[in-house]
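Some notes on the structure that comes next.
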Amino acid sequence: MKLGILDCDHLDADFTERFGRVYSEMFISGFRALQPALTFRVWAACEGALPADLAECDAWLITGSRHDAYSDLPWVVALREWIVRADAAQVPLAGVCFGHQAIAQALGGAVNKSAKGWGLGVATNPVLASQPWMVPGSEQIRILASHQDQVETLPPGALRLAGNDFCPNFMFQRGEHVVAIQGHPEFSVEYDRALIEKRRASLGEARYQACLATLESGVDSALVLRWLLQFLGLLPANQAAVA
């Protein structure tokens with residue numbers, strides 16, 4: 001089985017030595033721990049590279065980015081057009097953070113910069129609509145986050161799977177082929193901590209300390225990565241569950 005990853009950004013230069021160069025590396029590491037037989041191909045979507053053949057991979061994933069999903073940057077416009085084409089073909093597709101927002105924007109939803117400010121640290125979201133592929137089940141998910149934009153309106157036909165007061169549309173599914181989540185199951189706690197440290201001045205001391213404190217609560221990253229693979233048909237749901 002092959003997963004195609006559309007990489008939508010590069011890590012900041014001062015992070016690359018510790019955390020890698022691109023977000024696809026984080027996903028590949030996390031997914032391989034769950035499904036060693038899975039193979040990957042990566043496209044640098046942020047550099048204008050997009051797959052021409054939707055059948056080249058068994059499923060697709062769109063990464064995060066510092067850019068806006070509603071931007072008129074040529075590569076973002078092209079990505080949204082690709083999403084519309086992928087949706088019409090009903091190929092299995094997942095989006096994370098910017099990817100989540102780009103899918104919503106492309107398919108008729110609305111994404112905007114939130115008046116609530118940055119979502120950073122561990123975001124705890126009740127599961128509002130559990131699905132058969134969400135095995136093992138959980139009443140809530142605790143996922144690392146780093147975003148200012150949010151999906152304010154879901155695309156037509158989307159089912160809200162998880163959300164909270166800060167980010168109501170945190171996770172959604174559309175049909176049997178599209179799933180999207182605002183949080184970052186691919187991030188390490190150390191990387192999210194580095195992002196919080198980088199934004200200390202703009203957050204203000206109280207908000208900075210509050211974001212750091214959430215990192216002590218534990219995360220469900222492996223569980224959510226498993227859910228994504230199971231939704232995409234890349235991992236049988238009856239395999240040994242995450243501890």
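Here's how to read the names in the structure tokens: chain A, B, ... by the order shown, residue numbers from 1 in each chain, ligand numbers from 1 in the order shown.
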
Exercise. Select from range 6-240 of chain A everything DSSP, run on the backbone, classes as strand (DSSP E or B), then give the selection as a ChimeraX atom specification.
Key: /A:6-7,10,22,39-44,59-62,93-96,110-113,119-127,140-147,149-153,158-162,171-174,178-181

Self-check item: Residues near Gly163 in chain A, cut-off 10 Å, only C-alpha atoms, skip fewer than 5 positions along chain, as an MDAnalysis selection string
Solution: chainID A and resid 123:128 140:141 168:172 181:182

What would the file look like if the residues just selected were written as a short mmCIF file (atom, residue, chain, number, x, y, z; two decimals), in the first residue's frame with all heavy atoms?
```
data_model
loop_
_atom_site.label_atom_id
_atom_site.label_comp_id
_atom_site.auth_asym_id
_atom_site.auth_seq_id
_atom_site.Cartn_x
_atom_site.Cartn_y
_atom_site.Cartn_z
N ALA A 123 -4.72 20.27 22.70
CA ALA A 123 -6.14 20.58 22.56
C ALA A 123 -6.94 19.33 22.90
O ALA A 123 -6.75 18.27 22.29
CB ALA A 123 -6.44 21.03 21.13
N THR A 124 -7.82 19.44 23.89
CA THR A 124 -8.67 18.31 24.29
C THR A 124 -10.04 18.49 23.66
O THR A 124 -10.69 19.52 23.85
CB THR A 124 -8.79 18.24 25.81
OG1 THR A 124 -7.49 18.06 26.38
CG2 THR A 124 -9.68 17.08 26.23
N ASN A 125 -10.46 17.50 22.88
CA ASN A 125 -11.72 17.60 22.14
C ASN A 125 -12.58 16.37 22.38
O ASN A 125 -12.15 15.24 22.13
CB ASN A 125 -11.44 17.70 20.64
CG ASN A 125 -10.91 19.06 20.24
OD1 ASN A 125 -11.66 19.93 19.86
ND2 ASN A 125 -9.60 19.23 20.34
N PRO A 126 -13.82 16.56 22.86
CA PRO A 126 -14.74 15.44 22.95
C PRO A 126 -15.03 14.85 21.56
O PRO A 126 -15.14 15.60 20.59
CB PRO A 126 -16.01 16.06 23.54
CG PRO A 126 -15.56 17.33 24.19
CD PRO A 126 -14.40 17.82 23.38
N VAL A 127 -15.11 13.53 21.47
CA VAL A 127 -15.55 12.88 20.24
C VAL A 127 -17.07 12.95 20.20
O VAL A 127 -17.75 12.44 21.08
CB VAL A 127 -15.05 11.42 20.18
CG1 VAL A 127 -15.65 10.69 18.98
CG2 VAL A 127 -13.53 11.39 20.11
N LEU A 128 -17.61 13.60 19.19
CA LEU A 128 -19.04 13.88 19.11
C LEU A 128 -19.79 12.87 18.27
O LEU A 128 -21.02 12.75 18.40
CB LEU A 128 -19.24 15.29 18.54
CG LEU A 128 -18.51 16.41 19.28
CD1 LEU A 128 -18.62 17.72 18.52
CD2 LEU A 128 -19.06 16.56 20.69
N GLN A 140 -12.71 11.13 24.00
CA GLN A 140 -12.06 12.40 23.69
C GLN A 140 -10.69 12.14 23.09
O GLN A 140 -10.15 11.04 23.20
CB GLN A 140 -11.93 13.29 24.93
CG GLN A 140 -10.98 12.73 25.98
CD GLN A 140 -10.80 13.65 27.18
OE1 GLN A 140 -11.63 14.50 27.44
NE2 GLN A 140 -9.69 13.49 27.88
N ILE A 141 -10.16 13.17 22.41
CA ILE A 141 -8.81 13.08 21.88
C ILE A 141 -8.01 14.29 22.36
O ILE A 141 -8.51 15.41 22.35
CB ILE A 141 -8.77 12.98 20.35
CG1 ILE A 141 -9.66 14.04 19.69
CG2 ILE A 141 -9.18 11.59 19.89
CD1 ILE A 141 -9.58 14.08 18.18
N PRO A 168 -14.70 24.56 17.39
CA PRO A 168 -15.85 23.66 17.29
C PRO A 168 -15.73 22.60 16.19
O PRO A 168 -16.18 21.47 16.37
CB PRO A 168 -17.03 24.60 17.02
CG PRO A 168 -16.59 25.92 17.59
CD PRO A 168 -15.11 25.98 17.34
N ASN A 169 -15.12 22.95 15.07
CA ASN A 169 -15.03 22.01 13.94
C ASN A 169 -13.63 21.42 13.86
O ASN A 169 -12.95 21.51 12.85
CB ASN A 169 -15.39 22.74 12.65
CG ASN A 169 -16.82 23.23 12.65
OD1 ASN A 169 -17.73 22.51 13.03
ND2 ASN A 169 -17.02 24.47 12.25
N PHE A 170 -13.21 20.78 14.94
CA PHE A 170 -11.84 20.30 15.06
C PHE A 170 -11.56 19.11 14.16
O PHE A 170 -10.44 18.93 13.67
CB PHE A 170 -11.57 19.91 16.52
CG PHE A 170 -10.12 19.70 16.85
CD1 PHE A 170 -9.31 20.78 17.15
CD2 PHE A 170 -9.58 18.42 16.87
CE1 PHE A 170 -7.96 20.59 17.46
CE2 PHE A 170 -8.24 18.23 17.18
CZ PHE A 170 -7.43 19.31 17.47
N MET A 171 -12.58 18.29 13.92
CA MET A 171 -12.39 17.10 13.09
C MET A 171 -13.69 16.80 12.37
O MET A 171 -14.77 16.87 12.98
CB MET A 171 -11.97 15.91 13.96
CG MET A 171 -11.62 14.65 13.20
SD MET A 171 -11.04 13.35 14.33
CE MET A 171 -10.53 12.07 13.17
N PHE A 172 -13.59 16.47 11.07
CA PHE A 172 -14.81 16.15 10.33
C PHE A 172 -14.54 15.06 9.30
O PHE A 172 -13.40 14.80 8.92
CB PHE A 172 -15.42 17.39 9.69
CG PHE A 172 -14.65 17.98 8.53
CD1 PHE A 172 -14.82 17.51 7.23
CD2 PHE A 172 -13.74 19.03 8.73
CE1 PHE A 172 -14.12 18.06 6.16
CE2 PHE A 172 -13.04 19.59 7.66
CZ PHE A 172 -13.23 19.09 6.37
N ILE A 181 -8.56 16.87 10.25
CA ILE A 181 -8.40 17.20 11.67
C ILE A 181 -7.52 18.44 11.82
O ILE A 181 -6.51 18.59 11.10
CB ILE A 181 -7.83 16.00 12.45
CG1 ILE A 181 -7.76 16.32 13.95
CG2 ILE A 181 -6.47 15.58 11.92
CD1 ILE A 181 -7.49 15.09 14.81
N GLN A 182 -7.89 19.31 12.74
CA GLN A 182 -7.13 20.54 12.97
C GLN A 182 -5.82 20.29 13.70
O GLN A 182 -4.82 20.97 13.46
CB GLN A 182 -7.99 21.52 13.77
CG GLN A 182 -7.32 22.85 14.08
CD GLN A 182 -6.93 23.59 12.82
OE1 GLN A 182 -7.78 24.02 12.05
NE2 GLN A 182 -5.63 23.76 12.59
#
```

Quiz item: Taking only C-alpha atoms into account, which of A:Asn164, A:Ser217, A:Thr63, A:Thr39 comes nearest Cys97 in chain A?
Solution: A:Thr63

Quiz item: In terms of the shortest atom-to-atom distance over only C-alpha atoms, which of A:Ala129, A:Cys46, A:Ala145, A:Leu79 is closest to Gln173 in chain A?
Solution: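 That would be A:Ala129, the residue with the smallest distance to Gln173 in chain A.
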
Quiz prompt | Nearest to Gln105 in chain A by atom-to-atom distance, counting only C-alpha atoms, from A:Ala206, A:Leu154, A:Ala49, A:Leu34 | solution =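 Result for the nearest residue to Gln105 in chain A: A:Leu154.
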
Quiz item: Closest to Lys2 in chain A among A:Leu38, A:Val151, A:Ala194, A:Ala33, using only C-alpha atoms?
Solution: A:Leu38
